[in-house]
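Shown next, in structure tokens, is the structure this report addresses.
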Amino acid sequence: MKKDHIRDYATEAFRFYAAKGKPSYRNLKAQYMAEALENYQREHEKGNGIGKPTEAAVIYAEKQVEKKLAELLDILAVEKVYYTSKRTVREVIEIVYFKDAIEPLRKGDISERVTKASLETFTSERGVYAILKAVRLRFAEERGLRI
């Protein structure tokens with residue numbers, strides 16, 4: 001099947017989501033904000049723990065979270081695609097993209113996983129590739145990328 005221009009980016013976005021433990025956008029953003037506030041506390045103030053963060057601390061934390069905006073938007077797009085997909089599509093995503101997400105992909109990994117997904121979901125390999133392409137295009141649309 002012909003390679004689409006978004007394939008590698010979308011594949012890595014799904015793998016990143018799985019490697020992070022499938023976090024929700026809201027929880028991940030809150031986690032990043034808390035980490036930034038803690039960093040600010042360590043760097044600028046002496047004390048134990050964050051009581052009420054100062055305005056400067058909040059502004060600092062928001063800027064730190066803003067630096068991770070692309071990452072957060074990828075998570076949000078993956079989350080929307082994954083949770084609005086039918087069961088079979090979610091199974092294909094899990095088998096092909098989520099398996100061993102923290103390990104780098106080796107040559108042939110995707111095709112092996114497509115074969116496995118084909119057997120486990122009773123879908124032809126060509127059908128699995130079509131599902132993956134549709135998932136990638138939906139991701140790109142949700143993410144606001146050119147498709």
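Scheme for the structure tokens: letters A, B, ... for chains in order shown; per-chain residue numbers from 1; ligand numbers from 1 in order shown.
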**Request:** Report as a VMD selection string: the residues of region 24-109 of chain A with a DSSP assignment of helix (DSSP H, G or I), based on the backbone of this structure.
**Result:** chain A and resid 25 to 44 55 to 66 69 to 83 87 to 98 109
Closest-contact table, region 51-104 of chain A side, partner region 126-131 of chain A, 10 Å, counting only C-alpha atoms, as a Markdown table:
| residue | atom | partner | partner_atom | distance |
| --- | --- | --- | --- | --- |
| A:Thr88 | CA | A:Ile131 | CA | 9.3 |
| A:Val89 | CA | A:Ile131 | CA | 6.7 |
| A:Arg90 | CA | A:Ile131 | CA | 9.9 |
| A:Val92 | CA | A:Val128 | CA | 7.0 |
| A:Ile93 | CA | A:Ile131 | CA | 8.8 |
| A:Val96 | CA | A:Val128 | CA | 9.4 |
**Message:** I'd like to know which of A:Leu132, A:Ala18, A:Ile6, A:Met33 is closest to Lys67 (chain A), using only C-alpha atoms.
**Reply:** A:Met33
List every residue of region 25-122 of chain A that has an atom at most 7 Å from any atom of region 135-146 of chain A, and for each one report the closest atom pair and its distance in Å to one decimal, counting only C-alpha atoms, with rows sorted by chain and then by increasing residue number, as JSON lines.
{"residue": "A:Leu73", "atom": "CA", "partner": "A:Arg143", "partner_atom": "CA", "distance": 6.6}
{"residue": "A:Asp74", "atom": "CA", "partner": "A:Arg143", "partner_atom": "CA", "distance": 6.5}
{"residue": "A:Ala77", "atom": "CA", "partner": "A:Glu142", "partner_atom": "CA", "distance": 5.2}
{"residue": "A:Val78", "atom": "CA", "partner": "A:Phe139", "partner_atom": "CA", "distance": 6.1}
{"residue": "A:Val81", "atom": "CA", "partner": "A:Phe139", "partner_atom": "CA", "distance": 6.2}
